file query33.cif (mmCIF, C-alpha atoms)
data_work
loop_
_atom_site.label_atom_id
_atom_site.label_comp_id
_atom_site.auth_asym_id
_atom_site.auth_seq_id
_atom_site.Cartn_x
_atom_site.Cartn_y
_atom_site.Cartn_z
CA MET G 1 1.74 -22.11 -2.26
CA GLN G 2 2.90 -18.52 -2.57
CA THR G 3 2.06 -16.16 0.31
CA ARG G 4 0.74 -12.79 -0.76
CA VAL G 5 1.51 -9.79 1.45
CA GLU G 6 -0.86 -6.85 1.20
CA LEU G 7 -0.25 -3.36 2.57
CA ASN G 8 -3.62 -1.75 3.12
CA SER G 9 -4.14 1.82 1.96
CA THR G 10 -4.58 3.15 5.50
CA ALA G 11 -1.83 1.07 7.07
CA ASN G 12 0.98 3.61 7.03
CA LYS G 13 0.42 6.60 9.31
CA ILE G 14 2.50 8.91 11.48
CA TYR G 15 1.26 10.40 14.75
CA MET G 16 2.64 13.00 17.14
CA PHE G 17 1.60 12.91 20.79
CA ASP G 18 0.56 16.22 22.28
CA GLU G 19 2.78 17.36 25.14
CA VAL G 20 1.00 16.97 28.50
CA TYR G 21 3.63 17.49 31.18
CA PRO G 22 4.96 21.10 31.05
CA TYR G 23 8.62 22.02 30.65
CA ARG G 24 8.84 23.93 33.93
CA ALA G 25 7.56 20.97 35.96
CA ALA G 26 9.96 18.63 34.11
CA GLN G 27 12.88 20.93 34.85
CA GLU G 28 12.01 20.99 38.57
CA GLN G 29 11.79 17.20 38.63
CA ALA G 30 15.16 16.88 36.91
CA GLU G 31 16.81 19.23 39.42
CA LYS G 32 15.48 17.15 42.31
CA LYS G 33 16.89 13.96 40.77
CA LYS G 34 20.12 15.26 39.24
CA LEU G 35 22.36 13.48 41.75
CA SER G 36 20.97 10.18 40.45
CA ALA G 37 22.04 10.88 36.87
CA PHE G 38 25.37 9.07 37.33
CA GLY G 39 24.13 5.73 38.65
CA ILE G 40 23.30 4.35 42.07
CA ILE G 41 26.90 3.35 42.84
CA ALA G 42 28.16 6.92 42.44
CA LYS G 43 25.32 8.26 44.54
CA LEU G 44 26.01 5.88 47.44
CA ASN G 45 29.83 6.09 47.37
CA PRO G 46 30.75 7.57 50.80
CA LEU G 47 34.19 8.74 49.61
CA LYS G 48 33.31 10.38 46.34
CA ARG G 49 29.76 11.11 45.35
CA PRO G 50 28.01 13.92 43.50
CA ARG G 51 26.81 16.90 45.51
CA PRO G 52 24.33 19.60 44.47
CA GLU G 53 27.05 22.23 44.09
CA THR G 54 29.23 19.96 41.91
CA VAL G 55 26.48 18.85 39.48
CA LEU G 56 25.59 21.47 36.87
CA LEU G 57 23.10 21.49 34.03
CA ALA G 58 24.95 21.34 30.69
CA LYS G 59 22.10 21.17 28.17
CA GLU G 60 18.46 20.28 27.87
CA ALA G 61 16.09 19.26 25.10
CA LEU G 62 12.56 18.21 24.32
CA ARG G 63 12.86 15.21 22.02
CA PHE G 64 10.28 12.99 20.37
CA GLU G 65 10.92 9.27 20.70
CA PRO G 66 9.57 6.77 18.11
CA MET G 67 7.40 3.74 18.79
CA TRP G 68 5.54 1.35 16.47
CA HIS G 69 2.01 -0.03 16.60
CA ILE G 70 1.53 -2.96 14.23
CA ASN G 71 -1.56 -4.98 13.35
CA ALA G 72 -1.36 -7.80 10.83
CA ARG G 73 -3.55 -10.74 9.85
CA ARG G 74 -2.86 -13.96 8.03
CA GLU G 75 -5.75 -15.74 6.30
CA VAL G 76 -5.35 -19.27 4.96
CA ASP G 77 -7.69 -21.46 2.93
CA TYR G 78 -6.59 -25.10 3.03
CA THR G 79 -7.68 -28.72 3.04
CA CYS G 80 -7.14 -31.42 5.66
CA GLU G 81 -7.26 -35.12 4.84
CA LEU G 82 -8.64 -36.98 7.85
CA THR G 83 -10.27 -40.21 8.92
CA TYR G 84 -13.57 -39.77 10.76
CA PRO G 85 -14.61 -42.59 13.10
CA VAL G 86 -18.42 -42.89 12.92
CA PRO G 87 -20.19 -44.88 15.66
CA VAL G 88 -22.51 -47.68 14.55
CA ASN G 89 -25.35 -48.32 17.01
CA ASN G 90 -26.92 -51.38 15.40
CA PRO G 91 -25.24 -54.40 17.07
CA TYR G 92 -26.05 -56.57 14.08
CA ALA G 93 -24.71 -54.31 11.34
CA GLN G 94 -21.82 -55.78 9.35
CA SER G 95 -21.39 -53.05 6.78
CA ILE G 96 -22.91 -49.69 5.86
CA GLU G 97 -23.49 -48.32 2.39
CA ILE G 98 -23.15 -44.55 1.88
CA ASP G 99 -23.80 -43.05 -1.55
CA GLY G 100 -23.08 -46.35 -3.23
CA LYS G 101 -19.86 -46.99 -1.30
CA LEU G 102 -19.61 -49.88 1.15
CA PHE G 103 -17.92 -49.47 4.54
CA GLU G 104 -17.08 -52.43 6.75
CA VAL G 105 -18.04 -52.18 10.41
CA SER G 106 -15.19 -52.79 12.84
CA ARG G 107 -15.87 -53.84 16.42
CA GLN G 108 -13.90 -53.61 19.63
CA GLN G 109 -15.54 -54.91 22.77
CA ASN G 110 -19.03 -53.38 22.78
CA ARG G 111 -18.23 -50.56 20.39
CA ALA G 112 -18.71 -50.57 16.62
CA LYS G 113 -17.65 -48.00 14.02
CA ILE G 114 -16.88 -47.32 10.40
CA GLU G 115 -14.05 -45.06 9.18
CA LEU G 116 -14.70 -42.35 6.61
CA GLN G 117 -11.90 -40.74 4.65
CA VAL G 118 -12.80 -37.05 4.36
CA SER G 119 -11.30 -33.86 3.03
CA GLU G 120 -12.06 -30.81 5.18
CA LYS G 121 -12.27 -27.39 3.56
CA CYS G 122 -10.85 -24.97 6.12
CA HIS G 123 -10.43 -21.22 6.58
CA ARG G 124 -8.28 -19.80 9.37
CA LYS G 125 -7.51 -16.24 10.52
CA ILE G 126 -4.43 -15.49 12.64
CA ASP G 127 -4.04 -12.01 14.13
CA TYR G 128 -0.89 -10.28 15.32
CA THR G 129 -0.60 -7.05 17.33
CA ALA G 130 2.62 -5.51 18.63
CA PHE G 131 3.81 -2.33 20.33
CA ILE G 132 7.53 -1.86 19.74
CA ASP G 133 9.90 0.76 21.10
CA GLY G 134 11.63 2.45 18.18
CA LEU G 135 14.92 2.85 20.08
CA GLN G 136 15.37 -0.89 20.81
CA ARG G 137 14.90 -0.51 24.55
CA ASP G 138 13.29 -3.11 26.78
CA ILE G 139 10.03 -1.26 27.32
CA LYS G 140 7.05 -3.49 28.03
CA PRO G 141 4.44 -3.44 25.25
CA ILE G 142 1.68 -2.77 27.78
CA VAL G 143 3.39 0.51 28.70
CA LEU G 144 3.55 1.63 25.07
CA GLU G 145 -0.06 0.60 24.53
CA SER G 146 -1.14 2.67 27.54
CA TYR G 147 0.23 5.82 25.89
CA ILE G 148 -2.03 5.28 22.87
CA ASN G 149 -5.07 4.48 24.99
CA ARG G 150 -4.67 7.37 27.44
CA TYR G 151 -3.15 10.36 25.64
CA LYS G 152 -4.09 12.57 22.72
CA PHE G 153 -2.20 12.36 19.46
CA THR G 154 -2.53 13.93 16.04
CA GLU G 155 -1.95 12.39 12.64
CA VAL G 156 0.62 14.20 10.52
CA ALA G 157 1.47 13.78 6.86
CA GLU G 158 5.16 14.31 7.53
CA VAL G 159 7.67 14.80 10.32
CA CYS G 160 9.90 17.81 9.99
CA ASN G 161 10.49 18.37 13.71
CA GLU G 162 14.26 18.49 14.22
CA ASP G 163 13.81 17.11 17.74
CA ALA G 164 12.30 13.83 16.49
CA LEU G 165 14.65 10.86 16.86
CA ILE G 166 15.39 8.48 14.01
CA PRO G 167 13.81 5.05 14.61
CA GLN G 168 16.56 2.52 15.26
CA VAL G 169 14.00 -0.18 14.49
CA PRO G 170 13.11 0.29 10.79
CA LEU G 171 9.78 -0.65 9.28
CA VAL G 172 11.33 -3.62 7.49
CA SER G 173 12.39 -5.14 10.83
CA VAL G 174 8.91 -4.58 12.24
CA LEU G 175 7.32 -6.33 9.26
CA GLN G 176 9.82 -9.17 9.49
CA GLN G 177 8.81 -9.72 13.10
CA ALA G 178 5.12 -9.71 12.23
CA THR G 179 5.61 -12.08 9.30
CA ALA G 180 7.75 -14.51 11.29
CA ASN G 181 5.24 -14.55 14.14
CA LEU G 182 2.27 -15.21 11.87
CA HIS G 183 4.09 -17.98 10.00
CA SER G 184 5.19 -19.64 13.23
CA GLU G 185 1.60 -20.75 13.81
CA ALA G 186 1.31 -24.40 12.81
CA ILE G 187 -1.35 -25.20 10.20
CA ASN G 188 -2.21 -28.86 9.76
CA ALA G 189 -2.87 -28.68 6.04
CA HIS G 190 -2.74 -31.25 3.28
CA THR G 191 -3.02 -28.57 0.61
CA ILE G 192 -2.91 -24.78 1.01
CA LEU G 193 -5.26 -23.16 -1.47
CA PHE G 194 -4.85 -19.50 -0.56
CA ASP G 195 -2.46 -17.76 1.83
CA THR G 196 -2.40 -14.01 2.37
CA LEU G 197 -0.81 -11.75 4.95
CA SER G 198 -2.34 -8.31 5.35
CA ILE G 199 -0.64 -5.41 7.13
CA GLU G 200 -3.66 -3.62 8.57
CA ARG G 201 -1.78 -1.06 10.64
CA ALA G 202 1.82 0.13 10.64
CA HIS G 203 1.70 3.30 12.69
CA LEU G 204 4.72 5.28 13.82
CA PHE G 205 4.23 7.41 16.94
CA PHE G 206 6.50 10.11 18.35
CA ARG G 207 6.30 10.64 22.12
CA PRO G 208 7.63 13.78 23.89
CA VAL G 209 10.42 13.27 26.43
CA PHE G 210 12.42 15.98 28.21
CA ALA G 211 16.15 15.27 28.57
CA PHE G 212 18.51 17.12 30.91
CA GLU G 213 22.23 16.46 30.70
CA TYR G 214 24.28 17.22 33.83
CA ILE G 215 28.02 17.41 34.37
CA TRP G 216 29.60 16.19 37.59
CA THR G 217 32.40 18.72 37.62
CA THR G 218 34.70 17.10 40.17
CA ALA G 219 34.57 13.70 38.47
CA ASP G 220 34.37 14.88 34.84
CA LYS G 221 31.31 12.70 34.19
CA LYS G 222 28.06 13.27 32.35
CA GLY G 223 24.63 11.96 33.22
CA VAL G 224 21.09 12.39 31.93
CA ILE G 225 17.75 12.71 33.66
CA GLU G 226 14.71 12.03 31.47
CA VAL G 227 11.16 13.19 32.19
CA ASP G 228 8.26 11.69 30.25
CA GLY G 229 6.35 14.47 28.50
CA LEU G 230 3.08 12.52 28.87
CA THR G 231 3.17 11.00 32.34
CA GLY G 232 5.81 13.09 34.11
CA GLU G 233 7.68 9.91 35.07
CA VAL G 234 11.35 10.47 35.85
CA ILE G 235 14.02 8.14 34.45
CA GLU G 236 17.33 8.36 36.27
CA ASN G 237 20.62 7.59 34.55
CA GLY G 238 19.05 8.15 31.14
CA GLU G 239 20.57 8.66 27.68
CA TRP G 240 21.27 11.58 25.37
CA TYR G 241 20.38 10.63 21.81
CA LYS G 242 22.07 12.39 18.91
CA ASP G 243 20.52 10.68 15.89
CA LYS G 244 17.70 13.05 15.05
CA ILE G 245 15.73 13.26 11.84
CA ASN G 246 17.54 15.80 9.69
CA ARG G 247 15.14 15.77 6.74
CA VAL G 248 11.42 15.61 6.17
CA LEU G 249 9.97 12.15 6.84
CA THR G 250 6.73 11.53 4.96
CA ARG G 251 4.15 8.81 5.37
CA GLU G 252 4.88 7.50 1.88
CA MET G 253 8.61 7.18 2.64
CA LEU G 254 7.79 4.61 5.32
CA PHE G 255 6.32 2.27 2.72
CA GLU G 256 8.86 2.30 -0.06
CA ILE G 257 8.71 -1.48 -0.28
CA GLY G 258 9.75 -3.20 -3.48
CA GLY G 259 10.80 -6.68 -4.46
CA GLU G 260 14.18 -6.39 -2.77
CA VAL G 261 12.63 -5.54 0.60
CA ALA G 262 9.90 -8.12 0.12
CA SER G 263 12.44 -10.90 -0.21
CA THR G 264 13.78 -10.03 3.23
CA LEU G 265 10.42 -10.68 4.88
CA LEU G 266 10.54 -14.42 4.27
CA PRO G 267 13.71 -15.33 2.38
CA GLY G 268 13.11 -18.06 -0.17
CA ALA G 269 9.34 -18.08 0.29
CA GLY G 270 8.58 -16.28 -2.94
CA ILE G 271 6.42 -13.63 -1.30
CA ALA G 272 4.59 -11.29 -3.64
CA VAL G 273 4.05 -7.81 -2.24
CA LYS G 274 1.07 -5.78 -3.33
CA ALA G 275 1.04 -2.12 -2.29
CA ILE G 276 -2.59 -1.01 -2.28
CA ASP G 277 -3.23 2.67 -3.00
CA LEU G 278 -0.49 3.88 -0.69
CA MET G 279 -0.96 7.47 -1.75
CA SER G 280 -4.73 7.58 -1.28
CA ALA G 281 -5.17 7.73 2.50
CA ASP G 282 -6.66 10.99 3.71
CA LYS G 283 -4.96 13.10 6.36
CA GLN G 284 -6.89 13.08 9.60
CA THR G 285 -6.58 14.20 13.19
CA SER G 286 -7.44 11.53 15.74
CA ARG G 287 -7.06 10.53 19.33
CA SER G 288 -7.97 6.90 18.82
CA LEU G 289 -7.22 4.11 16.37
CA SER G 290 -10.75 2.87 16.02
CA ASP G 291 -11.47 4.55 12.68
#

call {"tool": "encode", "arguments": {"input": "query33.cif", "output": "structure tokens"}}
result
Amino acid sequence: MQTRVELNSTANKIYMFDEVYPYRAAQEQAEKKKLSAFGIIAKLNPLKRPRPETVLLAKEALRFEPMWHINARREVDYTCELTYPVPVNNPYAQSIEIDGKLFEVSRQQNRAKIELQVSEKCHRKIDYTAFIDGLQRDIKPIVLESYINRYKFTEVAEVCNEDALIPQVPLVSVLQQATANLHSEAINAHTILFDTLSIERAHLFFRPVFAFEYIWTTADKKGVIEVDGLTGEVIENGEWYKDKINRVLTREMLFEIGGEVASTLLPGAGIAVKAIDLMSADKQTSRSLSD
């Protein structure tokens, strides 16, 4: 049975989080933590460690880091061929006739039964939700989910902000993960009648993060302090990312999925991809995903 993959018309959206933590406060936090930008070993080295006068700010930036929110559902109609044991309460019954068909009664100790061969008509829904860091870092999904639940964001039709970072996890990889997860669920089917996988939500978020790069002049080393633009959390020994979006990224560009890409979702499975009205979704401003 061929699996059909559907991309719903409102699935592909791009959101930008509104900056909460101000630049001045982030800069003060970075200055307080700048000696930690080179790792804990350097900081604790009694012979050679960074000192306030030897660590200087080289450059700073407000960047927007990508993260994905994915919702998908697999629906399967199928049949199961089973044998139903049916208790027989009459101790004297030798056989039972059902709709003109005779069933012999089998007995074991004080229990009696007949066995019916049945075909179950079944329908099953399997849901998948994921929050994925777009820079391939080991950030817990619950942390990424908390950003969406707690902070304001705005839907945009395109990203032209030169400080937005290019997602290192492309949409195809995200869809591969969703598809593999949904198809890993075992279905005890004799015959699959209908099998569809629907991408309900494939949202790309950009989160503000302040980055401050410091130079340890006496050791000729560089280090980065990051400050979350939503929570104000400080990340010591951070990273300076260079791969920024250098052209306009539109919502439609995220979903340029044809047969070649479709074959990568489940190689050899013969998946048919149906893009449903990708250009029809209205532009909206929202702070929740409930609509």

call {"tool": "residues_around", "arguments": {"input": "query33.cif", "residues": "segment 177-194 of chain G", "least_positions_apart": "3", "cutoff": "8 Å", "atoms": "all atoms listed in the file", "output": "list in words"}}
result
Met1, Thr3, Ile70, Ala72, Arg73, Arg74, Glu75, Val76, Asp77, Tyr78, Thr79, Cys80, Glu81, Ile126, Asp127, Tyr128, Ser173, Val174, Leu197, Leu265 and Leu266 of chain G

call {"tool": "write_last_selection", "arguments": {"input": "query33.cif", "atoms": "C-alpha atoms", "output": "compact mmCIF listing (two decimals), in the coordinates of the input"}}
result
# COMPACT_ATOMS: atom_id res chain seq x y z
CA MET G 1 1.74 -22.11 -2.26
CA THR G 3 2.06 -16.16 0.31
CA ILE G 70 1.53 -2.96 14.23
CA ALA G 72 -1.36 -7.80 10.83
CA ARG G 73 -3.55 -10.74 9.85
CA ARG G 74 -2.86 -13.96 8.03
CA GLU G 75 -5.75 -15.74 6.30
CA VAL G 76 -5.35 -19.27 4.96
CA ASP G 77 -7.69 -21.46 2.93
CA TYR G 78 -6.59 -25.10 3.03
CA THR G 79 -7.68 -28.72 3.04
CA CYS G 80 -7.14 -31.42 5.66
CA GLU G 81 -7.26 -35.12 4.84
CA ILE G 126 -4.43 -15.49 12.64
CA ASP G 127 -4.04 -12.01 14.13
CA TYR G 128 -0.89 -10.28 15.32
CA SER G 173 12.39 -5.14 10.83
CA VAL G 174 8.91 -4.58 12.24
CA LEU G 197 -0.81 -11.75 4.95
CA LEU G 265 10.42 -10.68 4.88
CA LEU G 266 10.54 -14.42 4.27

call {"tool": "closest_residue", "arguments": {"input": "query33.cif", "among": "G:Arg51, G:His123, G:Lys13, G:Arg107", "to": "Glu31 of chain G", "atoms": "all atoms listed in the file"}}
result
G:Arg51

call {"tool": "resolve_selection", "arguments": {"input": "query33.cif", "expression": "the PyMOL selection byres ((chain G and resi 136) around 12)", "output": "PyMOL selection string"}}
result
chain G and resi 65-68+131-135+137-140+166-170+173-174

call {"tool": "atom_distance", "arguments": {"input": "query33.cif", "atom1": "atom CA of Thr83 of chain G", "atom2": "atom CA of Glu120 of chain G"}}
result
10.3 Å

call {"tool": "closest_atom_pairs", "arguments": {"input": "query33.cif", "of": "segment 172-215 of chain G", "to": "segment 247-251 of chain G", "cutoff": "12 Å", "atoms": "all atoms listed in the file", "output": "Markdown table"}}
result
| residue | atom | partner | partner_atom | distance |
| --- | --- | --- | --- | --- |
| G:Ala202 | CA | G:Arg251 | CA | 10.4 |
| G:His203 | CA | G:Arg251 | CA | 9.5 |
| G:Leu204 | CA | G:Arg251 | CA | 9.2 |
| G:Phe205 | CA | G:Arg251 | CA | 11.7 |

call {"tool": "closest_residue", "arguments": {"input": "query33.cif", "among": "G:Lys34, G:Lys43, G:Arg63, G:Lys48", "to": "Ile245 of chain G", "atoms": "all atoms listed in the file"}}
result
G:Arg63

call {"tool": "residues_near_point", "arguments": {"input": "query33.cif", "point": "(-14.5, -50.2, 17.7)", "cutoff": "12 Å", "atoms": "only C-alpha atoms", "output": "PyMOL selection string"}}
result
chain G and resi 85-89+91+104-115

call {"tool": "resolve_selection", "arguments": {"input": "query33.cif", "expression": "the PyMOL selection byres ((chain G and resi 148) around 10)", "output": "compact mmCIF listing (two decimals) with C-alpha atoms, in the frame of the given file"}}
result
# COMPACT_ATOMS: atom_id res chain seq x y z
CA PHE G 17 1.60 12.91 20.79
CA HIS G 69 2.01 -0.03 16.60
CA PHE G 131 3.81 -2.33 20.33
CA VAL G 143 3.39 0.51 28.70
CA LEU G 144 3.55 1.63 25.07
CA GLU G 145 -0.06 0.60 24.53
CA SER G 146 -1.14 2.67 27.54
CA TYR G 147 0.23 5.82 25.89
CA ASN G 149 -5.07 4.48 24.99
CA ARG G 150 -4.67 7.37 27.44
CA TYR G 151 -3.15 10.36 25.64
CA LYS G 152 -4.09 12.57 22.72
CA PHE G 153 -2.20 12.36 19.46
CA PHE G 205 4.23 7.41 16.94
CA ARG G 207 6.30 10.64 22.12
CA ARG G 287 -7.06 10.53 19.33
CA SER G 288 -7.97 6.90 18.82
CA LEU G 289 -7.22 4.11 16.37

call {"tool": "atom_distance", "arguments": {"input": "query33.cif", "atom1": "atom CA of Pro50 of chain G", "atom2": "atom CA of Trp240 of chain G"}}
result
19.5 Å

call {"tool": "closest_residue", "arguments": {"input": "query33.cif", "among": "G:Ser198, G:Gln29, G:Ser95, G:Asn90", "to": "Ala211 of chain G", "atoms": "all atoms listed in the file"}}
result
G:Gln29

call {"tool": "atom_distance", "arguments": {"input": "query33.cif", "atom1": "atom CA of Lys121 of chain G", "atom2": "atom CA of Asn8 of chain G"}}
result
27.1 Å

call {"tool": "axis_aligned_box", "arguments": {"input": "query33.cif", "around": "segment 58-74 of chain G", "padding_each_side": "3 Å", "output": "AutoDock Vina command-line options"}}
result
--center_x 10.7 --center_y 3.7 --center_z 19.4 --size_x 34.5 --size_y 41.3 --size_z 28.7

call {"tool": "resolve_selection", "arguments": {"input": "query33.cif", "expression": "the PyMOL selection byres ((chain G and resi 215-219) around 12)", "output": "PyMOL selection string"}}
result
chain G and resi 34-39+42-43+48-60+212-214+220-225

call {"tool": "decode", "arguments": {"input": "query33.cif", "residues": "segment 85-95 of chain G", "atoms": "all heavy atoms", "output": "short mmCIF file (atom, residue, chain, number, x, y, z; two decimals), in the first residue's frame"}}
result
data_model
loop_
_atom_site.label_atom_id
_atom_site.label_comp_id
_atom_site.auth_asym_id
_atom_site.auth_seq_id
_atom_site.Cartn_x
_atom_site.Cartn_y
_atom_site.Cartn_z
N PRO G 85 -12.18 -16.17 20.69
CA PRO G 85 -12.75 -17.24 21.52
C PRO G 85 -14.04 -16.75 22.17
O PRO G 85 -14.06 -15.71 22.83
CB PRO G 85 -11.65 -17.48 22.57
CG PRO G 85 -10.93 -16.17 22.67
CD PRO G 85 -11.03 -15.51 21.33
N VAL G 86 -15.13 -17.47 21.96
CA VAL G 86 -16.43 -17.07 22.51
C VAL G 86 -16.86 -18.11 23.55
O VAL G 86 -17.02 -19.30 23.22
CB VAL G 86 -17.49 -16.98 21.39
CG1 VAL G 86 -18.84 -16.57 21.98
CG2 VAL G 86 -17.04 -15.99 20.33
N PRO G 87 -17.06 -17.69 24.80
CA PRO G 87 -17.46 -18.64 25.84
C PRO G 87 -18.85 -19.24 25.55
O PRO G 87 -19.73 -18.55 25.04
CB PRO G 87 -17.50 -17.79 27.12
CG PRO G 87 -16.67 -16.59 26.81
CD PRO G 87 -16.84 -16.34 25.34
N VAL G 88 -18.98 -20.51 25.89
CA VAL G 88 -20.27 -21.20 25.77
C VAL G 88 -20.70 -21.61 27.17
O VAL G 88 -20.00 -22.39 27.85
CB VAL G 88 -20.16 -22.43 24.86
CG1 VAL G 88 -21.49 -23.19 24.81
CG2 VAL G 88 -19.73 -22.01 23.45
N ASN G 89 -21.84 -21.10 27.63
CA ASN G 89 -22.27 -21.32 29.01
C ASN G 89 -23.10 -22.58 29.21
O ASN G 89 -23.19 -23.11 30.32
CB ASN G 89 -23.06 -20.10 29.51
CG ASN G 89 -22.19 -18.84 29.54
OD1 ASN G 89 -21.00 -18.91 29.88
ND2 ASN G 89 -22.78 -17.70 29.19
N ASN G 90 -23.71 -23.07 28.14
CA ASN G 90 -24.54 -24.26 28.26
C ASN G 90 -23.63 -25.49 28.36
O ASN G 90 -22.91 -25.82 27.42
CB ASN G 90 -25.46 -24.37 27.05
CG ASN G 90 -26.46 -25.50 27.20
OD1 ASN G 90 -26.30 -26.42 27.99
ND2 ASN G 90 -27.51 -25.43 26.38
N PRO G 91 -23.65 -26.20 29.49
CA PRO G 91 -22.73 -27.35 29.65
C PRO G 91 -23.07 -28.53 28.74
O PRO G 91 -22.28 -29.46 28.60
CB PRO G 91 -22.91 -27.72 31.13
CG PRO G 91 -24.27 -27.24 31.49
CD PRO G 91 -24.49 -26.00 30.68
N TYR G 92 -24.23 -28.48 28.09
CA TYR G 92 -24.64 -29.60 27.27
C TYR G 92 -24.48 -29.31 25.78
O TYR G 92 -24.70 -30.20 24.95
CB TYR G 92 -26.10 -29.96 27.57
CG TYR G 92 -26.34 -30.19 29.04
CD1 TYR G 92 -27.06 -29.25 29.78
CD2 TYR G 92 -25.85 -31.32 29.69
CE1 TYR G 92 -27.27 -29.44 31.13
CE2 TYR G 92 -26.06 -31.52 31.04
CZ TYR G 92 -26.77 -30.57 31.77
OH TYR G 92 -26.97 -30.77 33.10
N ALA G 93 -24.10 -28.07 25.45
CA ALA G 93 -23.99 -27.70 24.04
C ALA G 93 -22.81 -28.40 23.39
O ALA G 93 -21.71 -28.47 23.95
CB ALA G 93 -23.86 -26.19 23.90
N GLN G 94 -23.05 -28.99 22.21
CA GLN G 94 -22.01 -29.65 21.45
C GLN G 94 -21.55 -28.83 20.24
O GLN G 94 -20.41 -28.93 19.81
CB GLN G 94 -22.51 -31.02 20.96
CG GLN G 94 -22.91 -31.95 22.08
CD GLN G 94 -21.71 -32.28 22.98
OE1 GLN G 94 -20.64 -32.66 22.48
NE2 GLN G 94 -21.89 -32.14 24.29
N SER G 95 -22.45 -28.04 19.73
CA SER G 95 -22.13 -27.17 18.60
C SER G 95 -23.09 -25.99 18.62
O SER G 95 -24.16 -26.04 19.23
CB SER G 95 -22.21 -27.92 17.27
OG SER G 95 -23.54 -28.36 17.03
#
